[in-house]
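Asker: Have a peek at query-v9.tsv (TSV, C-alpha atoms).
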chain	number	residue	atom	x	y	z
X	1	MET	CA	11.00	-20.43	-2.60
X	2	ARG	CA	8.23	-18.83	-4.60
X	3	LEU	CA	8.01	-15.38	-6.14
X	4	GLU	CA	4.49	-14.14	-5.55
X	5	LYS	CA	2.64	-11.32	-7.28
X	6	CYS	CA	1.53	-8.20	-5.45
X	7	TRP	CA	-2.25	-8.06	-5.20
X	8	PHE	CA	-2.38	-4.36	-5.97
X	9	CYS	CA	0.29	-3.56	-8.53
X	10	SER	CA	1.04	-7.10	-9.83
X	11	SER	CA	4.77	-6.69	-9.37
X	12	THR	CA	6.89	-9.55	-8.07
X	13	VAL	CA	7.12	-9.96	-4.29
X	14	TYR	CA	10.53	-11.34	-3.45
X	15	PRO	CA	11.08	-13.36	-0.26
X	16	GLY	CA	11.34	-11.19	2.81
X	17	HIS	CA	9.61	-8.23	1.24
X	18	GLY	CA	6.23	-6.68	1.90
X	19	ILE	CA	3.33	-7.69	4.06
X	20	GLN	CA	0.53	-10.17	3.67
X	21	PHE	CA	-2.97	-9.71	4.97
X	22	VAL	CA	-5.12	-12.78	5.67
X	23	ARG	CA	-8.84	-12.14	5.56
X	24	ASN	CA	-11.16	-14.19	7.76
X	25	ASP	CA	-12.25	-16.28	4.77
X	26	ALA	CA	-8.55	-17.26	4.43
X	27	LYS	CA	-7.97	-15.24	1.27
X	28	ILE	CA	-4.39	-14.01	1.28
X	29	PHE	CA	-3.55	-10.52	-0.03
X	30	ARG	CA	0.14	-10.01	-0.64
X	31	PHE	CA	1.63	-6.56	-1.05
X	32	CYS	CA	5.08	-5.72	-2.38
X	33	ARG	CA	5.49	-2.54	-0.30
X	34	SER	CA	3.64	-0.25	2.08
X	35	LYS	CA	2.45	1.91	-0.83
X	36	CYS	CA	0.34	-0.96	-2.16
X	37	HIS	CA	-0.81	-1.95	1.34
X	38	LYS	CA	-1.93	1.60	2.09
X	39	ASN	CA	-3.81	1.83	-1.19
X	40	PHE	CA	-5.55	-1.43	-0.33
X	41	LYS	CA	-6.50	-0.09	3.09
X	42	MET	CA	-7.94	2.99	1.38
X	43	LYS	CA	-10.16	0.53	-0.57
X	44	ARG	CA	-8.85	1.70	-3.91
X	45	ASN	CA	-9.55	-0.39	-6.96
X	46	PRO	CA	-6.31	-1.33	-8.75
X	47	ARG	CA	-8.14	-1.12	-12.06
X	48	LYS	CA	-8.75	2.57	-11.46
X	49	VAL	CA	-5.28	3.49	-10.18
X	50	LYS	CA	-3.14	4.50	-13.12
X	51	TRP	CA	0.25	3.16	-12.08
X	52	THR	CA	-0.87	-0.45	-11.55
X	53	LYS	CA	-0.44	-3.26	-14.03
X	54	ALA	CA	-4.18	-3.96	-13.91
X	55	TYR	CA	-4.97	-0.46	-15.15
X	56	ARG	CA	-2.39	-0.61	-17.91
X	57	ARG	CA	-3.65	-3.98	-19.09
X	58	LEU	CA	-7.28	-2.89	-18.98
X	59	HIS	CA	-6.65	0.29	-20.95
X	60	GLY	CA	-4.47	-1.30	-23.60
X	61	LYS	CA	-1.25	0.39	-22.48
X	62	ASP	CA	0.70	-2.87	-22.20
X	63	MET	CA	0.50	-5.99	-24.27
X	64	THR	CA	-1.79	-8.58	-22.76
X	65	GLN	CA	-1.40	-11.62	-24.96
X	66	ASP	CA	2.00	-12.96	-25.75
X	67	THR	CA	3.64	-16.35	-25.94
X	68	THR	CA	6.43	-15.19	-23.62
X	69	PHE	CA	3.93	-14.87	-20.77
X	70	GLU	CA	3.36	-18.61	-20.91
X	71	PHE	CA	6.77	-19.31	-19.39
X	72	GLU	CA	5.95	-17.43	-16.20
X	73	ARG	CA	3.27	-19.56	-14.65
X	74	LYS	CA	2.38	-21.03	-11.28
X	75	ARG	CA	3.36	-24.69	-11.22
X	76	ASN	CA	2.49	-26.83	-8.26
X	77	ARG	CA	4.76	-29.74	-9.18
X	78	PRO	CA	8.40	-29.23	-8.22
X	79	GLU	CA	10.86	-29.94	-11.00
X	80	ARG	CA	13.56	-32.51	-10.28
X	81	TYR	CA	17.01	-30.91	-10.31
X	82	ASP	CA	18.97	-31.51	-13.48
X	83	ARG	CA	22.23	-29.68	-14.09
X	84	ASN	CA	21.85	-29.44	-17.85
X	85	LEU	CA	18.25	-28.36	-17.60
X	86	ALA	CA	19.15	-25.62	-15.11
X	87	GLU	CA	21.91	-24.37	-17.40
X	88	ASN	CA	19.62	-24.28	-20.41
X	89	THR	CA	16.91	-22.56	-18.41
X	90	LEU	CA	19.28	-19.83	-17.29
X	91	LYS	CA	20.32	-19.26	-20.89
X	92	ALA	CA	16.72	-19.21	-22.04
X	93	ILE	CA	15.68	-16.68	-19.40
X	94	LYS	CA	17.91	-14.00	-20.89
X	95	LYS	CA	16.76	-14.71	-24.41
X	96	ILE	CA	13.08	-14.75	-23.53
X	97	ASP	CA	13.42	-11.56	-21.54
X	98	LYS	CA	14.97	-9.82	-24.52
X	99	VAL	CA	12.23	-11.05	-26.84
X	100	ARG	CA	9.55	-9.87	-24.45
X	101	SER	CA	11.03	-6.42	-23.91
X	102	ASP	CA	11.38	-5.96	-27.67
X	103	ARG	CA	7.80	-6.96	-28.23
X	104	ALA	CA	6.60	-4.67	-25.45
X	105	ALA	CA	8.49	-1.74	-26.98
X	106	SER	CA	7.05	-2.43	-30.42
X	107	HIS	CA	3.59	-2.66	-28.90
X	108	ILE	CA	3.92	0.77	-27.34
X	109	GLU	CA	5.32	2.20	-30.57
X	110	LYS	CA	2.40	0.81	-32.50
X	111	ARG	CA	-0.01	2.27	-29.96
X	112	LEU	CA	1.56	5.73	-30.18
X	113	LYS	CA	1.79	5.61	-33.98
X	114	VAL	CA	-1.98	5.97	-34.43
X	115	ARG	CA	-2.03	9.35	-32.74
X	116	LYS	CA	1.07	10.60	-34.53
X	117	ASP	CA	-0.50	9.76	-37.88
X	118	LYS	CA	-3.69	11.54	-36.88
X	119	GLU	CA	-1.80	14.66	-35.82
X	120	ARG	CA	0.13	14.71	-39.06
X	121	ARG	CA	-3.03	14.38	-41.14
X	122	GLU	CA	-4.71	17.21	-39.23
X	123	ALA	CA	-1.70	19.45	-39.70
X	124	GLN	CA	-1.71	18.73	-43.43
X	125	LYS	CA	-5.39	19.63	-43.64
X	126	GLU	CA	-4.92	22.88	-41.74
X	127	LEU	CA	-2.06	23.86	-43.98
X	128	GLU	CA	-4.13	23.28	-47.09
X	129	GLN	CA	-7.19	25.12	-45.81
X	130	SER	CA	-5.57	28.21	-44.36
X	131	ILE	CA	-2.44	28.81	-46.39
X	132	HIS	CA	-3.97	32.08	-47.67
X	133	LEU	CA	-3.62	33.66	-44.21
X	134	VAL	CA	0.15	33.41	-44.33
X	135	LYS	CA	1.91	36.42	-45.87
X	136	ALA	CA	5.42	36.38	-47.25
X	137	PRO	CA	7.89	38.57	-45.29
X	138	GLN	CA	8.60	40.71	-48.34
X	139	VAL	CA	4.92	41.67	-48.60
X	140	LEU	CA	4.80	42.71	-44.93
X	141	ARG	CA	7.73	45.07	-45.39
X	142	GLN	CA	6.13	46.76	-48.40
X	143	ASP	CA	2.56	47.07	-47.15
X	144	GLN	CA	2.49	49.00	-43.82
X	145	SER	CA	-1.23	48.29	-43.15
X	146	LEU	CA	-0.52	44.64	-42.38
X	147	THR	CA	1.82	45.36	-39.44
X	148	LEU	CA	1.22	47.29	-36.20
X	149	PRO	CA	2.48	50.92	-36.20
X	150	LYS	CA	5.58	51.69	-34.11
X	151	ILE	CA	4.97	53.92	-31.06
X	152	LYS	CA	7.61	55.44	-28.81
X	153	VAL	CA	6.95	55.03	-25.06
X	154	GLU	CA	8.55	57.13	-22.33
X	155	VAL	CA	10.08	55.02	-19.55
X	156	SER	CA	10.17	56.64	-16.11
X	157	GLN	CA	13.18	56.10	-13.80
X	158	PRO	CA	12.53	53.18	-11.39
X	159	LYS	CA	12.78	54.27	-7.72
X	160	SER	CA	14.97	52.20	-5.40
X	161	GLU	CA	12.33	50.90	-3.01
X	162	LYS	CA	14.49	48.04	-1.79
X	163	ASN	CA	17.08	50.34	-0.25
X	164	GLN	CA	14.41	52.23	1.68
X	165	ALA	CA	13.06	49.04	3.18
X	166	MET	CA	16.54	47.96	4.23
X	167	GLU	CA	17.17	51.24	6.07
X	168	GLU	CA	14.08	50.78	8.21
Y	1	MET	CA	3.67	26.69	7.36
Y	2	ALA	CA	2.95	28.46	10.63
Y	3	ALA	CA	6.64	28.85	11.34
Y	4	SER	CA	7.26	30.48	7.97
Y	5	PHE	CA	4.38	32.87	8.61
Y	6	VAL	CA	5.80	33.86	11.98
Y	7	SER	CA	9.26	34.37	10.55
Y	8	LYS	CA	7.84	36.54	7.79
Y	9	CYS	CA	6.08	38.65	10.42
Y	10	SER	CA	9.19	39.10	12.52
Y	11	ARG	CA	11.37	39.99	9.52
Y	12	GLY	CA	9.12	42.84	8.45
Y	13	ASP	CA	8.83	45.38	11.23
Y	14	CYS	CA	5.19	44.79	12.18
Y	15	SER	CA	4.83	44.67	15.94
Y	16	LEU	CA	1.07	44.92	15.57
Y	17	PHE	CA	0.83	41.63	13.73
Y	18	ARG	CA	3.37	39.73	15.80
Y	19	GLY	CA	1.00	38.73	18.61
Y	20	LEU	CA	-1.63	37.68	16.11
Y	21	GLY	CA	0.91	35.60	14.18
Y	22	THR	CA	1.93	33.56	17.24
Y	23	ASN	CA	-1.71	33.00	18.10
Y	24	VAL	CA	-2.42	31.64	14.65
Y	25	SER	CA	0.61	29.37	14.76
Y	26	ASN	CA	-0.50	27.95	18.12
Y	27	LEU	CA	-3.96	27.26	16.76
Y	28	LEU	CA	-2.57	25.53	13.69
Y	29	SER	CA	-0.20	23.29	15.62
Y	30	THR	CA	-2.95	22.13	18.00
Y	31	ALA	CA	-5.22	21.35	15.04
Y	32	THR	CA	-2.57	19.25	13.29
Y	33	ARG	CA	-1.79	17.35	16.50
Y	34	MET	CA	-5.45	16.50	16.99
Y	35	THR	CA	-5.87	15.13	13.47
Y	36	TRP	CA	-2.66	13.13	13.83
Y	37	SER	CA	-3.85	11.49	17.07
Y	38	ASN	CA	-7.17	10.63	15.42
Y	39	PHE	CA	-5.32	9.03	12.55
Y	40	LEU	CA	-3.23	6.98	14.98
Y	41	SER	CA	-6.16	5.76	17.04
Y	42	GLN	CA	-7.93	4.57	13.90
Y	43	HIS	CA	-5.11	2.68	12.27
Y	44	GLN	CA	-2.51	1.71	14.85
Y	45	ARG	CA	-2.81	-1.92	15.93
Y	46	THR	CA	-1.22	-2.84	19.23
Y	47	PHE	CA	-0.26	-5.80	21.33
Y	48	ILE	CA	-2.78	-8.02	23.06
Y	49	GLN	CA	-2.62	-6.71	26.59
Y	50	MET	CA	-4.67	-6.74	29.74
Y	51	ARG	CA	-8.40	-6.12	29.04
Y	52	THR	CA	-8.14	-6.93	25.33
Y	53	VAL	CA	-11.30	-8.80	24.29
Y	54	LEU	CA	-10.69	-11.64	21.85
Y	55	LYS	CA	-12.96	-13.88	19.84
Y	56	VAL	CA	-12.80	-17.61	20.57
Y	57	VAL	CA	-12.57	-19.65	17.37
Y	58	ASP	CA	-13.10	-23.20	18.62
Y	59	ASN	CA	-16.06	-25.24	19.92
Y	60	SER	CA	-15.03	-25.19	23.57
Y	61	GLY	CA	-18.18	-23.20	24.44
Y	62	ALA	CA	-16.62	-19.81	25.16
Y	63	LYS	CA	-17.46	-17.02	22.72
Y	64	LYS	CA	-15.49	-14.06	23.98
Y	65	VAL	CA	-12.59	-13.88	26.41
Y	66	MET	CA	-10.76	-10.95	27.97
Y	67	CYS	CA	-7.00	-11.11	28.32
Y	68	ILE	CA	-5.92	-10.76	31.95
Y	69	GLN	CA	-2.24	-11.68	31.61
Y	70	PRO	CA	-0.01	-12.21	28.59
Y	71	LEU	CA	2.48	-14.96	29.44
Y	72	LYS	CA	5.30	-13.56	27.32
Y	73	GLY	CA	6.56	-10.17	26.36
Y	74	ARG	CA	6.76	-6.97	28.36
Y	75	LYS	CA	4.37	-5.01	26.15
Y	76	GLY	CA	1.89	-7.82	25.60
Y	77	ALA	CA	1.15	-10.89	23.54
Y	78	ARG	CA	1.41	-11.17	19.76
Y	79	LEU	CA	0.48	-13.72	17.16
Y	80	GLY	CA	1.22	-17.23	18.44
Y	81	ASP	CA	1.76	-16.24	22.09
Y	82	THR	CA	-0.14	-17.73	25.03
Y	83	ILE	CA	-2.33	-15.61	27.27
Y	84	ILE	CA	-4.39	-16.12	30.41
Y	85	ALA	CA	-7.95	-14.94	29.90
Y	86	SER	CA	-11.27	-14.74	31.65
Y	87	VAL	CA	-14.36	-15.96	29.81
Y	88	LYS	CA	-16.80	-13.11	29.26
Y	89	GLU	CA	-19.37	-14.78	27.00
Y	90	ALA	CA	-20.07	-18.48	26.70
Y	91	ALA	CA	-22.60	-20.81	25.06
Y	92	PRO	CA	-25.13	-22.28	27.56
Y	93	ASN	CA	-23.91	-25.88	27.54
Y	94	GLY	CA	-20.26	-25.83	26.61
Y	95	LYS	CA	-17.17	-27.21	28.29
Y	96	VAL	CA	-16.05	-23.74	29.37
Y	97	LYS	CA	-18.34	-21.64	31.52
Y	98	LYS	CA	-18.63	-17.88	31.87
Y	99	GLY	CA	-16.26	-16.43	34.45
Y	100	ALA	CA	-13.70	-19.25	34.13
Y	101	VAL	CA	-10.00	-18.41	33.93
Y	102	VAL	CA	-8.45	-20.19	30.94
Y	103	ARG	CA	-5.31	-20.26	28.84
Y	104	GLY	CA	-5.44	-19.50	25.16
Y	105	VAL	CA	-3.18	-19.28	22.10
Y	106	VAL	CA	-3.51	-16.17	19.94
Y	107	VAL	CA	-4.13	-17.65	16.49
Y	108	ARG	CA	-5.06	-14.41	14.72
Y	109	ALA	CA	-3.90	-10.89	15.50
Y	110	ALA	CA	-4.64	-7.64	13.73
Y	111	MET	CA	-1.16	-6.38	14.56
Y	112	GLN	CA	1.40	-7.48	12.03
Y	113	ARG	CA	4.04	-10.03	13.01
Y	114	GLY	CA	7.34	-10.62	11.28
Y	115	ARG	CA	7.88	-13.95	9.61
Y	116	CYS	CA	11.09	-15.92	9.50
Y	117	ASP	CA	11.97	-14.60	6.03
Y	118	GLY	CA	11.48	-10.95	7.01
Y	119	SER	CA	8.06	-10.35	5.50
Y	120	GLU	CA	5.06	-9.65	7.70
Y	121	VAL	CA	1.63	-11.15	8.23
Y	122	LYS	CA	-1.53	-9.68	9.73
Y	123	PHE	CA	-5.11	-10.80	10.13
Y	124	ASP	CA	-8.59	-9.34	10.24
Y	125	ASP	CA	-9.31	-9.74	13.96
Y	126	ASN	CA	-7.93	-10.92	17.28
Y	127	ALA	CA	-8.83	-14.55	17.90
Y	128	VAL	CA	-7.82	-17.19	20.42
Y	129	VAL	CA	-8.02	-20.98	20.81
Y	130	ILE	CA	-8.48	-22.20	24.36
Y	131	ILE	CA	-5.95	-24.75	25.62
Y	132	ASP	CA	-5.51	-26.58	28.91
Y	133	LYS	CA	-2.44	-26.57	31.19
Y	134	GLN	CA	-0.75	-29.28	29.10
Y	135	GLY	CA	-1.14	-27.24	25.90
Y	136	GLN	CA	-3.81	-29.41	24.29
Y	137	PRO	CA	-6.81	-27.60	22.77
Y	138	VAL	CA	-10.03	-27.91	24.80
Y	139	GLY	CA	-12.32	-27.89	21.77
Y	140	SER	CA	-12.23	-30.35	18.91
Y	141	ARG	CA	-12.53	-27.90	16.01
Y	142	VAL	CA	-10.78	-24.69	14.96
Y	143	PHE	CA	-12.45	-22.16	12.66
Y	144	GLY	CA	-10.86	-19.82	10.17
Y	145	PRO	CA	-7.25	-19.41	9.06
Y	146	VAL	CA	-4.31	-19.89	11.44
Y	147	PRO	CA	-0.64	-19.07	10.82
Y	148	HIS	CA	1.94	-21.80	10.23
Y	149	GLU	CA	4.15	-20.25	12.95
Y	150	LEU	CA	2.11	-22.26	15.49
Y	151	ARG	CA	4.21	-25.27	14.53
Y	152	LYS	CA	7.26	-23.53	15.95
Y	153	LYS	CA	5.35	-22.90	19.16
Y	154	LYS	CA	4.54	-26.65	19.45
Y	155	HIS	CA	0.81	-26.25	18.81
Y	156	VAL	CA	0.67	-28.92	16.13
Y	157	LYS	CA	-2.76	-30.10	17.26
Y	158	ILE	CA	-4.31	-26.71	16.48
Y	159	LEU	CA	-2.71	-26.76	13.04
Y	160	ALA	CA	-4.11	-30.23	12.40
Y	161	LEU	CA	-7.61	-29.10	13.37
Y	162	ALA	CA	-7.47	-25.85	11.37
Y	163	GLU	CA	-9.41	-25.36	8.15
Y	164	HIS	CA	-6.87	-23.08	6.46
Y	165	ILE	CA	-3.22	-22.48	7.15
Y	166	ALA	CA	-1.85	-19.09	6.12
Translate this structure into structure tokens?
Answerer:
Amino acid sequence: MRLEKCWFCSSTVYPGHGIQFVRNDAKIFRFCRSKCHKNFKMKRNPRKVKWTKAYRRLHGKDMTQDTTFEFERKRNRPERYDRNLAENTLKAIKKIDKVRSDRAASHIEKRLKVRKDKERREAQKELEQSIHLVKAPQVLRQDQSLTLPKIKVEVSQPKSEKNQAMEE
Amino acid sequence: MAASFVSKCSRGDCSLFRGLGTNVSNLLSTATRMTWSNFLSQHQRTFIQMRTVLKVVDNSGAKKVMCIQPLKGRKGARLGDTIIASVKEAAPNGKVKKGAVVRGVVVRAAMQRGRCDGSEVKFDDNAVVIIDKQGQPVGSRVFGPVPHELRKKKHVKILALAEHIA
């Protein structure tokens, strides 16, 4: 049993899922679901479609280099069954998964931090440069020229058009 | 969309517009049906049935055959099934001549076929390998990829001759 990767979105294709297309030069394209298959048939490039892993990797949205990726690799030699080894592997899977998700989260945080810092700096600058435009509320109450004058407006009675339509 | 338009017309008391509204809805529905049928004809792959022309991917001499009888299945043959075919194009000095009636195994089909684990497989084109009455391939080479399901159908010789097994 082998867990393959979807050609389009790079997600895992579990046994019994999806469709595979064999081109005449014997290249196999595996798809995890009909969404990916349809996108392939539309000749879309996964690097240009935003929800794929390829796009996210290419545009620096996800982390690309990490030691935890080394564990998930295609191996052509089957491992001989060993009870202890299997037990340890199962324990390690959970631990490695936790490490990887933590690192991915920190990567995203680091990526978003740059913009937050920039926004904060710009706000600081704007505050310094244009603080003179802001008036204190006490000043506004005293000086009438700074506020708009109050005007009274007559409101006519609204006619009941809905009732007329209903009667017809 | 058309239905909502019609309902809007009938709710408001506009007898003048009612006839026009139904006309428009008719037009719209015919247009959508036409585009839908176009879409189907372009993308829907079907069974290999009578008069389907298939490529021959061995060196038996035949180049193109036309299916005249699928040997299994009510709707037609699929990947791995055997068909009876008539040779439409053949190389000048091959084993199989033009006009001969031969048997062939469908080794590639554009219509998807379920695999034993529930996933599906499909190929680029419809291709056939010519076999004799005993089920042995007539040619001595097979070109292009073939599915491993042929082993289940007892065509081990074709699998042994194939370049790629998908």
Asker: For the contact check between chain X and chain Y, emit one row per residue of chain X within 10 Å, containing the shortest atom pair and the distance in Å rounded to one decimal, counting all atoms listed in the file, chain then rising number order, as a tab-separated table.
Answerer:
residue	atom	partner	partner_atom	distance
X:Val13	CA	Y:Ser119	CA	9.8
X:Tyr14	CA	Y:Ser119	CA	9.3
X:Pro15	CA	Y:Asp117	CA	6.5
X:Gly16	CA	Y:Gly118	CA	4.2
X:His17	CA	Y:Ser119	CA	5.0
X:Gly18	CA	Y:Ser119	CA	5.5
X:Ile19	CA	Y:Glu120	CA	4.5
X:Gln20	CA	Y:Val121	CA	4.8
X:Phe21	CA	Y:Lys122	CA	5.0
X:Val22	CA	Y:Phe123	CA	4.9
X:Arg23	CA	Y:Asp124	CA	5.5
X:Asn24	CA	Y:Asp124	CA	6.0
X:Asp25	CA	Y:Gly144	CA	6.6
X:Ala26	CA	Y:Pro145	CA	5.3
X:Lys27	CA	Y:Ala166	CA	8.7
X:Ile28	CA	Y:Ala166	CA	7.5
X:Phe29	CA	Y:Val121	CA	9.8
X:Arg30	CA	Y:Val121	CA	9.1
X:Phe31	CA	Y:Glu120	CA	9.9
X:Cys32	CA	Y:Ser119	CA	9.6
X:Lys41	CA	Y:His43	CA	9.7
X:Ala165	CA	Y:Gly12	CA	9.0
X:Met166	CA	Y:Gly12	CA	10.0
X:Glu168	CA	Y:Asp13	CA	8.1
Asker: What is the CA of Arg103 (chain Y) to CA of Asp81 (chain Y) distance in Å?
Answerer: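 Distance between the two atoms: 10.6 Å.
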Asker: Out of X:Tyr55, X:Phe40, X:Phe69, X:Phe8, which residue has the shortest atom-to-atom distance to Ile96 (chain X) when counting all atoms listed in the file?
Answerer: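 Smallest distance to Ile96 (chain X) is found for X:Phe69.
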Asker: Could you tell me how far CA of Lys5 (chain X) lies from CA of Asn76 (chain X), in Å and to one decimal?
Answerer: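 Straight-line distance from CA of Lys5 (chain X) to CA of Asn76 (chain X) works out to 15.5 Å.
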Asker: Using Å and a single decimal, report how far CA of Gln134 (chain Y) sits from CA of Val53 (chain Y).
Answerer: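 Those two atoms sit 23.5 Å apart.
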Asker: Just the residues within 6 Å of region 149-161 of chain Y, please, counting all atoms listed in the file, with nothing from its chain fewer than 6 positions along; format it as a ChimeraX atom specification.
Answerer: /Y:80,141-142
Asker: Would you mind exporting the chosen residues as a tab-separated table (two decimals), keeping the file's coordinate frame, restricted to C-alpha atoms?
Answerer:
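Writing the result to result-v3.tsv gives the following:
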chain	number	residue	atom	x	y	z
Y	80	GLY	CA	1.22	-17.23	18.44
Y	141	ARG	CA	-12.53	-27.90	16.01
Y	142	VAL	CA	-10.78	-24.69	14.96
Asker: Once 5 Å is added on each side, what centre and edge lengths in Å to one decimal does the axis-aligned box around all listed atoms of region 108-113 of chain Y have, as JSON?
Answerer:
{"center_x": -0.5, "center_y": -10.4, "center_z": 13.8, "size_x": 19.1, "size_y": 18.0, "size_z": 13.5}
